[in-house]
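Q: Enclosed is the structure file work.txt (compact mmCIF, C-alpha atoms).
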# COMPACT_ATOMS: atom_id res chain seq x y z
CA MET G 28 -12.27 11.72 16.91
CA THR G 29 -15.24 13.34 15.27
CA GLU G 30 -18.23 11.36 14.05
CA GLU G 31 -18.65 13.24 10.78
CA THR G 32 -21.39 12.57 8.29
CA THR G 33 -20.41 11.87 4.71
CA LEU G 34 -20.55 14.58 2.07
CA THR G 35 -23.91 13.15 0.98
CA GLY G 36 -25.34 13.52 4.50
CA GLN G 37 -25.16 9.81 5.35
CA ALA G 38 -23.66 8.38 8.52
CA PRO G 39 -19.98 7.35 8.28
CA PRO G 40 -19.24 3.67 7.69
CA PRO G 41 -19.23 1.46 10.80
CA VAL G 42 -15.94 0.73 12.53
CA ARG G 43 -14.85 -2.84 11.75
CA ASP G 44 -12.52 -4.79 14.04
CA TRP G 45 -9.68 -6.29 12.02
CA SER G 46 -8.00 -8.90 14.18
CA THR G 47 -5.89 -10.29 11.34
CA PRO G 48 -5.98 -14.02 12.09
CA ASP G 49 -3.04 -16.24 11.12
CA LEU G 50 -3.58 -17.28 7.51
CA ASP G 51 -1.99 -20.32 5.93
CA GLY G 52 -1.26 -20.48 2.22
CA THR G 53 -1.58 -17.62 -0.22
CA ASP G 54 -5.29 -16.93 0.22
CA PHE G 55 -6.29 -13.28 0.30
CA ASP G 56 -7.34 -12.02 3.73
CA PRO G 57 -11.14 -12.52 3.88
CA CYS G 58 -11.55 -9.56 6.22
CA LEU G 59 -9.76 -7.23 3.80
CA ALA G 60 -11.83 -8.63 0.92
CA GLY G 61 -14.97 -7.81 2.91
CA LEU G 62 -13.78 -4.28 3.58
CA MET G 63 -13.12 -3.81 -0.14
CA ARG G 64 -16.67 -4.90 -0.92
CA GLU G 65 -18.04 -2.54 1.72
CA GLY G 66 -16.64 0.51 -0.02
CA PRO G 67 -13.52 2.31 -1.21
CA LEU G 68 -13.15 4.03 2.17
CA THR G 69 -14.05 2.18 5.36
CA ARG G 70 -13.13 2.43 9.04
CA ILE G 71 -11.10 -0.11 11.01
CA ARG G 72 -9.90 -0.89 14.50
CA LEU G 73 -6.67 -2.91 14.76
CA PRO G 74 -5.46 -5.03 17.72
CA PHE G 75 -3.22 -2.39 19.34
CA GLY G 76 -3.18 1.37 19.89
CA GLU G 77 -6.24 3.55 20.32
CA GLY G 78 -9.35 4.56 18.42
CA TRP G 79 -10.17 3.81 14.79
CA ALA G 80 -8.72 4.79 11.41
CA TRP G 81 -9.90 5.23 7.86
CA LEU G 82 -8.81 2.56 5.36
CA ALA G 83 -8.45 3.30 1.64
CA THR G 84 -8.55 0.26 -0.64
CA ARG G 85 -9.13 1.68 -4.13
CA TYR G 86 -6.05 2.04 -6.35
CA ASP G 87 -6.54 5.72 -7.25
CA ASP G 88 -7.24 6.71 -3.65
CA VAL G 89 -4.18 4.80 -2.39
CA LYS G 90 -1.96 6.57 -4.92
CA LEU G 91 -3.44 9.97 -4.04
CA ILE G 92 -3.05 9.59 -0.27
CA THR G 93 0.55 8.37 -0.54
CA ILE G 94 1.71 11.43 -2.49
CA ASP G 95 -0.54 14.10 -0.94
CA PRO G 96 1.31 16.34 1.58
CA ARG G 97 -1.98 16.85 3.42
CA PHE G 98 -1.40 13.39 4.92
CA SER G 99 1.55 13.22 7.34
CA ARG G 100 3.59 10.29 8.58
CA ALA G 101 5.56 12.44 11.05
CA GLU G 102 2.36 13.46 12.84
CA VAL G 103 1.69 9.80 13.74
CA THR G 104 4.71 9.80 16.04
CA ARG G 105 3.01 12.32 18.31
CA ARG G 106 -0.10 10.29 19.13
CA GLN G 107 -1.56 6.84 19.71
CA VAL G 108 -3.23 5.39 16.63
CA THR G 109 -4.92 2.02 16.17
CA ARG G 110 -2.21 -0.26 14.77
CA MET G 111 -1.02 -3.80 14.02
CA ALA G 112 2.26 -3.75 15.94
CA PRO G 113 2.25 -4.24 19.71
CA ASN G 114 5.29 -2.02 20.19
CA PHE G 115 5.28 1.56 18.94
CA ALA G 116 8.50 3.51 19.45
CA PRO G 117 9.28 5.57 16.32
CA ARG G 118 12.88 6.66 16.08
CA PRO G 119 14.20 9.98 14.81
CA GLY G 120 15.67 9.45 11.39
CA SER G 121 13.39 6.63 10.32
CA LEU G 122 12.41 7.23 6.70
CA ALA G 123 9.07 5.60 7.45
CA TRP G 124 7.99 8.50 9.68
CA ALA G 125 9.55 11.40 7.76
CA ASP G 126 7.72 13.98 5.67
CA GLN G 127 9.33 16.17 3.03
CA PRO G 128 11.81 17.82 2.97
CA ASP G 129 13.28 15.75 5.82
CA HIS G 130 12.60 12.55 3.92
CA ASN G 131 14.92 13.45 1.05
CA ARG G 132 17.59 14.73 3.46
CA LEU G 133 17.58 11.41 5.32
CA ARG G 134 17.48 9.21 2.24
CA LYS G 135 20.39 10.98 0.53
CA PRO G 136 23.29 9.51 2.59
CA VAL G 137 22.38 5.91 1.71
CA ALA G 138 20.86 6.37 -1.75
CA GLY G 139 24.11 5.41 -3.46
CA ALA G 140 23.94 1.89 -1.99
CA PHE G 141 20.67 1.10 -3.78
CA THR G 142 21.12 2.49 -7.30
CA VAL G 143 21.06 0.52 -10.55
CA SER G 144 24.85 0.76 -10.81
CA ALA G 145 25.26 -0.41 -7.20
CA MET G 146 23.09 -3.43 -7.95
CA LYS G 147 25.19 -4.24 -11.02
CA ARG G 148 28.29 -4.22 -8.84
CA LEU G 149 26.56 -6.34 -6.21
CA ARG G 150 25.14 -8.93 -8.59
CA PRO G 151 28.29 -11.13 -8.98
CA ARG G 152 28.81 -11.24 -5.21
CA ALA G 153 25.14 -12.03 -4.60
CA GLN G 154 25.30 -14.81 -7.19
CA GLU G 155 28.41 -16.18 -5.48
CA ILE G 156 26.65 -16.26 -2.10
CA LEU G 157 23.64 -18.01 -3.64
CA ASP G 158 25.77 -20.52 -5.54
CA ASP G 159 27.56 -21.51 -2.34
CA LEU G 160 24.22 -22.18 -0.64
CA VAL G 161 22.81 -24.15 -3.57
CA ASP G 162 26.08 -26.09 -3.92
CA GLY G 163 25.47 -27.40 -0.41
CA VAL G 164 21.89 -28.37 -1.27
CA VAL G 165 22.97 -30.20 -4.43
CA ARG G 166 25.83 -31.91 -2.62
CA ASP G 167 23.54 -33.24 0.10
CA GLY G 168 20.93 -34.30 -2.42
CA PRO G 169 17.14 -34.31 -2.19
CA PRO G 170 15.03 -33.69 -0.24
CA ALA G 171 15.91 -30.27 1.15
CA GLU G 172 14.27 -27.62 3.33
CA LEU G 173 14.47 -24.64 1.00
CA ILE G 174 13.60 -21.93 3.55
CA GLU G 175 16.27 -23.02 6.01
CA ARG G 176 18.93 -23.85 3.42
CA VAL G 177 18.51 -20.98 0.93
CA LEU G 178 15.63 -18.53 1.35
CA GLU G 179 16.59 -17.37 4.84
CA PRO G 180 20.39 -17.25 4.66
CA PHE G 181 20.58 -15.73 1.17
CA PRO G 182 18.73 -12.42 1.77
CA LEU G 183 20.31 -12.13 5.21
CA SER G 184 23.78 -12.46 3.71
CA VAL G 185 23.09 -10.09 0.81
CA VAL G 186 21.52 -7.39 2.99
CA SER G 187 24.39 -7.80 5.42
CA GLU G 188 26.86 -7.31 2.54
CA VAL G 189 25.11 -4.10 1.52
CA MET G 190 24.82 -2.86 5.08
CA GLY G 191 28.33 -3.92 6.11
CA VAL G 192 27.48 -6.42 8.87
CA PRO G 193 30.52 -8.53 9.88
CA ALA G 194 30.05 -12.26 9.34
CA ALA G 195 30.39 -12.98 13.07
CA ASP G 196 27.41 -10.73 13.89
CA ARG G 197 24.97 -11.87 11.22
CA GLY G 198 23.28 -14.63 13.22
CA GLN G 199 22.47 -12.28 16.08
CA VAL G 200 21.29 -9.53 13.76
CA HIS G 201 18.96 -12.00 12.02
CA ALA G 202 17.52 -13.16 15.36
CA TRP G 203 16.72 -9.56 16.30
CA THR G 204 15.07 -8.73 12.98
CA ARG G 205 12.91 -11.86 13.09
CA GLU G 206 11.63 -10.95 16.56
CA ILE G 207 10.93 -7.36 15.54
CA ILE G 208 8.59 -8.36 12.68
CA SER G 209 6.77 -10.93 14.81
CA THR G 210 3.64 -10.10 16.78
CA ASN G 211 4.72 -12.06 19.85
CA GLY G 212 4.25 -9.05 22.11
CA ALA G 213 5.58 -5.63 22.98
CA GLU G 214 8.11 -6.90 25.51
CA ALA G 215 9.89 -9.30 23.15
CA ALA G 216 9.85 -6.82 20.27
CA GLY G 217 11.15 -4.11 22.57
CA ARG G 218 14.09 -6.23 23.71
CA ALA G 219 14.94 -7.10 20.10
CA LYS G 220 14.80 -3.46 19.03
CA GLU G 221 16.99 -2.44 21.96
CA GLY G 222 19.55 -5.06 20.98
CA LEU G 223 19.53 -4.29 17.27
CA TYR G 224 19.59 -0.51 17.57
CA GLY G 225 22.29 -0.65 20.24
CA TRP G 226 24.43 -2.72 17.88
CA ILE G 227 23.70 -0.33 14.99
CA THR G 228 24.71 2.68 17.12
CA GLN G 229 28.08 1.14 17.98
CA THR G 230 28.68 0.11 14.37
CA ILE G 231 27.95 3.57 12.97
CA ARG G 232 30.23 5.17 15.54
CA ALA G 233 33.02 2.76 14.63
CA ARG G 234 32.71 3.61 10.91
CA ALA G 235 32.99 7.40 11.24
CA ALA G 236 36.27 7.49 9.34
CA SER G 237 35.66 4.47 7.11
CA PRO G 238 35.92 5.03 3.33
CA GLY G 239 33.75 1.94 2.70
CA GLU G 240 30.74 1.83 0.37
CA ASP G 241 28.59 -0.20 2.77
CA VAL G 242 25.59 1.52 4.36
CA TYR G 243 27.02 1.69 7.89
CA SER G 244 30.17 3.35 6.56
CA MET G 245 28.08 5.81 4.53
CA LEU G 246 26.07 6.64 7.64
CA GLY G 247 29.16 6.94 9.82
CA ALA G 248 30.64 9.41 7.35
CA ALA G 249 27.34 11.34 7.06
CA VAL G 250 27.20 11.74 10.85
CA ALA G 251 30.83 12.88 10.90
CA ARG G 252 30.07 15.50 8.22
CA GLY G 253 27.02 16.71 10.12
CA ASP G 254 24.58 15.76 7.34
CA VAL G 255 22.49 13.70 9.77
CA ARG G 256 22.47 13.29 13.53
CA GLU G 257 23.60 10.01 15.02
CA GLU G 258 20.09 9.14 16.23
CA GLU G 259 18.78 9.81 12.71
CA ALA G 260 21.41 7.54 11.17
CA VAL G 261 20.45 4.77 13.57
CA GLY G 262 16.75 5.20 12.87
CA LEU G 263 17.47 5.14 9.15
CA ALA G 264 19.54 1.95 9.27
CA GLY G 265 17.15 -0.24 11.27
CA PRO G 266 14.38 -0.72 8.67
CA LEU G 267 16.97 -1.26 5.93
CA GLN G 268 18.54 -4.03 7.99
CA ILE G 269 15.16 -5.64 8.62
CA GLY G 270 14.27 -5.57 4.91
CA GLY G 271 15.83 -8.96 4.17
CA GLU G 272 12.95 -10.66 5.96
CA ALA G 273 10.55 -9.49 3.24
CA VAL G 274 12.58 -11.16 0.48
CA THR G 275 12.56 -14.49 2.32
CA ASN G 276 8.79 -14.43 2.68
CA ASN G 277 7.92 -12.98 -0.73
CA CYS G 278 10.13 -15.45 -2.57
CA GLY G 279 8.79 -18.25 -0.39
CA GLN G 280 5.26 -17.40 -1.52
CA MET G 281 6.34 -17.13 -5.15
CA LEU G 282 8.05 -20.51 -5.11
CA TYR G 283 5.10 -22.10 -3.32
CA LEU G 284 2.84 -20.84 -6.11
CA MET G 285 5.16 -22.22 -8.80
CA LEU G 286 5.39 -25.56 -6.98
CA THR G 287 1.62 -25.90 -6.62
CA ARG G 288 0.55 -24.52 -10.01
CA PRO G 289 2.10 -26.64 -12.78
CA GLU G 290 1.10 -24.19 -15.50
CA LEU G 291 3.00 -21.42 -13.74
CA MET G 292 6.13 -23.53 -13.32
CA GLU G 293 5.95 -24.60 -16.95
CA ARG G 294 5.69 -20.99 -18.06
CA MET G 295 8.76 -20.04 -16.01
CA ARG G 296 10.79 -22.94 -17.40
CA ALA G 297 9.67 -22.57 -21.02
CA ARG G 298 10.42 -18.85 -21.32
CA PRO G 299 13.36 -17.99 -19.05
CA ASP G 300 13.98 -14.77 -20.97
CA ALA G 301 10.47 -13.53 -20.12
CA ARG G 302 10.38 -14.23 -16.38
CA GLY G 303 10.44 -10.57 -15.41
CA PRO G 304 6.76 -9.83 -16.23
CA VAL G 305 5.70 -13.05 -14.47
CA LEU G 306 7.58 -12.04 -11.33
CA ASP G 307 5.89 -8.62 -11.51
CA GLU G 308 2.51 -10.33 -11.64
CA LEU G 309 3.45 -12.43 -8.63
CA PHE G 310 4.58 -9.31 -6.77
CA ARG G 311 1.15 -7.84 -7.51
CA TRP G 312 -0.78 -10.95 -6.50
CA ILE G 313 0.92 -12.40 -3.40
CA PRO G 314 -0.50 -11.33 -0.02
CA HIS G 315 2.89 -10.25 1.24
CA ARG G 316 1.81 -8.80 4.58
CA SER G 317 -0.78 -9.16 7.30
CA SER G 318 -3.25 -6.30 7.58
CA VAL G 319 -1.76 -2.87 6.83
CA GLY G 320 1.52 -1.07 7.38
CA LEU G 321 1.93 2.45 8.73
CA SER G 322 -0.74 5.13 8.99
CA ARG G 323 -0.83 8.81 8.12
CA ILE G 324 -2.64 11.71 9.78
CA ALA G 325 -4.77 14.20 7.86
CA LEU G 326 -3.36 17.68 8.45
CA GLN G 327 -6.56 19.31 7.17
CA ASP G 328 -10.02 18.23 6.08
CA VAL G 329 -9.79 16.15 2.89
CA GLU G 330 -12.52 14.65 0.72
CA ILE G 331 -11.85 11.07 -0.40
CA ALA G 332 -14.37 8.74 -2.06
CA GLY G 333 -17.35 10.82 -0.93
CA HIS G 334 -16.23 11.01 2.68
CA ARG G 335 -14.81 13.89 4.66
CA ILE G 336 -11.62 12.89 6.47
CA ALA G 337 -11.31 15.46 9.21
CA ALA G 338 -8.02 17.06 10.23
CA GLY G 339 -6.35 14.89 12.86
CA GLU G 340 -7.91 11.60 11.76
CA PRO G 341 -5.62 8.66 10.90
CA VAL G 342 -5.70 6.99 7.50
CA TYR G 343 -4.30 3.69 6.32
CA VAL G 344 -3.85 2.56 2.73
CA SER G 345 -3.82 -1.07 1.61
CA TYR G 346 -1.42 -1.78 -1.22
CA LEU G 347 -2.72 -5.37 -1.26
CA ALA G 348 -6.22 -4.10 -1.96
CA ALA G 349 -5.00 -1.57 -4.52
CA ASN G 350 -3.28 -4.41 -6.38
CA ARG G 351 -6.64 -6.20 -6.60
CA ASP G 352 -8.66 -3.19 -7.80
CA PRO G 353 -10.68 -4.50 -10.77
CA ALA G 354 -10.82 -1.01 -12.28
CA VAL G 355 -7.04 -1.23 -12.84
CA PHE G 356 -6.39 -4.98 -12.95
CA PRO G 357 -9.10 -6.90 -14.83
CA ASP G 358 -9.90 -10.24 -13.20
CA PRO G 359 -7.60 -9.24 -10.34
CA ASP G 360 -7.78 -12.51 -8.39
CA ARG G 361 -6.31 -14.45 -11.31
CA ILE G 362 -2.54 -14.77 -11.81
CA ASP G 363 -2.08 -13.57 -15.39
CA PRO G 364 1.56 -13.96 -16.54
CA ASP G 365 0.79 -11.83 -19.59
CA ARG G 366 -0.86 -8.96 -17.72
CA GLU G 367 -0.05 -5.72 -19.51
CA PRO G 368 0.10 -3.06 -18.28
CA ASN G 369 0.83 -4.00 -14.69
CA PRO G 370 1.24 -0.80 -12.64
CA HIS G 371 1.24 -2.61 -9.30
CA VAL G 372 2.15 -0.88 -6.06
CA ALA G 373 3.72 -3.86 -4.28
CA PHE G 374 6.74 -1.73 -3.39
CA GLY G 375 4.70 1.26 -2.30
CA ASN G 376 4.19 4.63 -3.91
CA GLY G 377 5.34 8.22 -3.61
CA PRO G 378 8.13 9.40 -1.29
CA HIS G 379 7.87 6.22 0.78
CA PHE G 380 8.42 3.91 -2.20
CA CYS G 381 10.63 1.10 -0.86
CA THR G 382 14.31 2.11 -0.77
CA GLY G 383 15.37 -1.49 -1.33
CA THR G 384 13.16 -2.19 -4.36
CA LEU G 385 16.06 -2.81 -6.76
CA LEU G 386 17.79 -4.98 -4.18
CA ALA G 387 14.63 -7.05 -3.62
CA ARG G 388 14.15 -7.50 -7.36
CA LEU G 389 17.78 -8.54 -7.82
CA GLN G 390 17.54 -11.19 -5.12
CA THR G 391 14.21 -12.49 -6.38
CA GLU G 392 15.49 -12.85 -9.95
CA LEU G 393 18.65 -14.63 -8.80
CA LEU G 394 16.74 -17.00 -6.52
CA VAL G 395 14.20 -18.03 -9.14
CA ASP G 396 16.71 -18.35 -11.99
CA THR G 397 19.28 -20.27 -9.95
CA LEU G 398 16.88 -22.69 -8.28
CA LEU G 399 15.12 -23.56 -11.53
CA GLU G 400 18.45 -24.05 -13.30
CA ARG G 401 20.29 -25.95 -10.58
CA LEU G 402 17.43 -28.13 -9.31
CA PRO G 403 15.83 -29.81 -12.36
CA GLY G 404 12.34 -31.12 -11.84
CA LEU G 405 11.97 -29.05 -8.67
CA ARG G 406 8.78 -29.98 -6.82
CA LEU G 407 7.32 -30.13 -3.32
CA ALA G 408 8.45 -33.09 -1.25
CA VAL G 409 5.18 -33.08 0.75
CA PRO G 410 1.52 -32.45 -0.08
CA PRO G 411 0.83 -28.68 -0.26
CA GLU G 412 -1.29 -28.77 2.88
CA GLN G 413 1.75 -29.96 4.88
CA VAL G 414 3.74 -26.81 4.13
CA GLN G 415 3.90 -24.81 7.37
CA TRP G 416 3.24 -21.07 7.40
CA ARG G 417 4.48 -18.30 9.61
CA HIS G 418 2.09 -17.20 12.33
CA ARG G 419 2.07 -14.11 14.55
CA THR G 420 4.06 -12.09 12.04
CA MET G 421 3.42 -8.96 10.00
CA ILE G 422 5.06 -10.38 6.86
CA ARG G 423 3.34 -13.49 5.50
CA GLY G 424 5.19 -16.46 4.04
CA PRO G 425 5.93 -20.18 4.38
CA ARG G 426 7.94 -21.29 7.41
CA THR G 427 8.91 -24.52 5.67
CA LEU G 428 9.25 -25.42 2.01
CA PRO G 429 10.40 -29.07 1.67
CA VAL G 430 11.37 -29.81 -1.92
CA THR G 431 12.84 -32.57 -3.99
CA TRP G 432 14.18 -32.69 -7.54
CA SER G 433 15.75 -34.97 -10.10
CA GLY G 434 19.12 -35.40 -8.41
Would you mind giving the structure from this file in structure tokens?
A:
Amino acid sequence: MTEETTLTGQAPPPVRDWSTPDLDGTDFDPCLAGLMREGPLTRIRLPFGEGWAWLATRYDDVKLITIDPRFSRAEVTRRQVTRMAPNFAPRPGSLAWADQPDHNRLRKPVAGAFTVSAMKRLRPRAQEILDDLVDGVVRDGPPAELIERVLEPFPLSVVSEVMGVPAADRGQVHAWTREIISTNGAEAAGRAKEGLYGWITQTIRARAASPGEDVYSMLGAAVARGDVREEEAVGLAGPLQIGGEAVTNNCGQMLYLMLTRPELMERMRARPDARGPVLDELFRWIPHRSSVGLSRIALQDVEIAGHRIAAGEPVYVSYLAANRDPAVFPDPDRIDPDREPNPHVAFGNGPHFCTGTLLARLQTELLVDTLLERLPGLRLAVPPEQVQWRHRTMIRGPRTLPVTWSG
């Protein structure tokens, strides 16, 4: 990579190693906070891959890079870039690595499963699944381990309903997705991906003539029509299947915050009809991932924040940092339930805006509303410091959430 000077003639920023240590609780990553203080555009080296990459942390720059066709996701698949994940094997068809117009072509076959109307149809079934889980918790009485009893099985079941995973296969599918998002090592992640994607391939083939509205049936039909190739359908399905893990961890963080901040819990209970804006503020505030996600490659020289990003250089954006930009979110480190406007980018931006956003919002709303209604006086059953947090994973969240309530 070239060692360019900035547009003002100064040397480029130093390359900072970002090891991303395991962080307990909901504290903001101190390394990312330091990078934000250093400047809107810095340079980083992550634990795996090769070389260094630019990192954009300012809200306006993040939004620009994520919609600008001069930055390519597809180009990343042709080279080694410094990265968080130990295993790097992009698959044809993955929306994450597609540029336009391929991106729209690939998204089209499954778009109908994630529309507003689809979520309205799904809502009663999702509520039924959740009620069954909470019935068991209420029946057994306090205390209860909320992650194990509700926050893990609920998103898994709902995503599996949308995708069309048979009940008998859901435990295995969940085990694979958990291993894939961990950072336990390339070998373990590789085995899990091989298992999951092999299963997905067989399922799509078996649904070629299915008239179903589940995602695997939609993909089977799309392959049969020739709209997408089989390998593209498989690459498209994998990340959608894995998406349930994010809901478990995001909701776990949200509930932890409510359970450790009495004023927040009181606000949620006192104004149930106005929970939506509070949940949006929590989506903005929670540190939902470790480090950064996927990079892009500059296809030509681009000026950003006074620096020249040369053609061929990789660039990361941090949505976490963008959501803490004080120029857009006054007093950004404070949880403000009345924040207005709140144009957060927790679900991404541009063509790669999260496909499952409406599904994630639906599940989050149902979880919060149902748990607060069904478990009066909900509170932690242990001191906050005894809550255990996930380590060696790209998606942050509590591993345990022991609660009690007024049974």
Q: Could you name the residues that touch G:Pro41 at 9 Å or less, counting all atoms listed in the file, but leaving out those on the same chain fewer than 6 positions away, as a ChimeraX atom specification?
A: /G:69-71
Q: One decimal, Å: what's the distance from atom CA of G:Asn350 over to atom CA of G:Ile313, could you say?
A: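 These two atoms are separated by 9.5 Å.
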Q: Determine the axis-aligned bounding box of all atoms of stretch 146-163 of chain G present in the file, pad each side by 4 Å, and express its centre and edge lengths in Å to one decimal place as JSON.
A:
{"center_x": 25.8, "center_y": -15.4, "center_z": -5.7, "size_x": 14.0, "size_y": 32.0, "size_z": 18.6}
Q: What does the structure give for the distance between atom CA of G:Leu386 and atom CA of G:Arg132, in Å to one decimal?
A: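 Computing it gives 21.1 Å between the two atoms.
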Q: Of the residues G:Asp49, G:Glu172, G:Asp396, G:Glu188, which is the one nearest to G:Val242, using all atoms listed in the file?
A: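 Checking each candidate against G:Val242, we get G:Glu188 as the closest.
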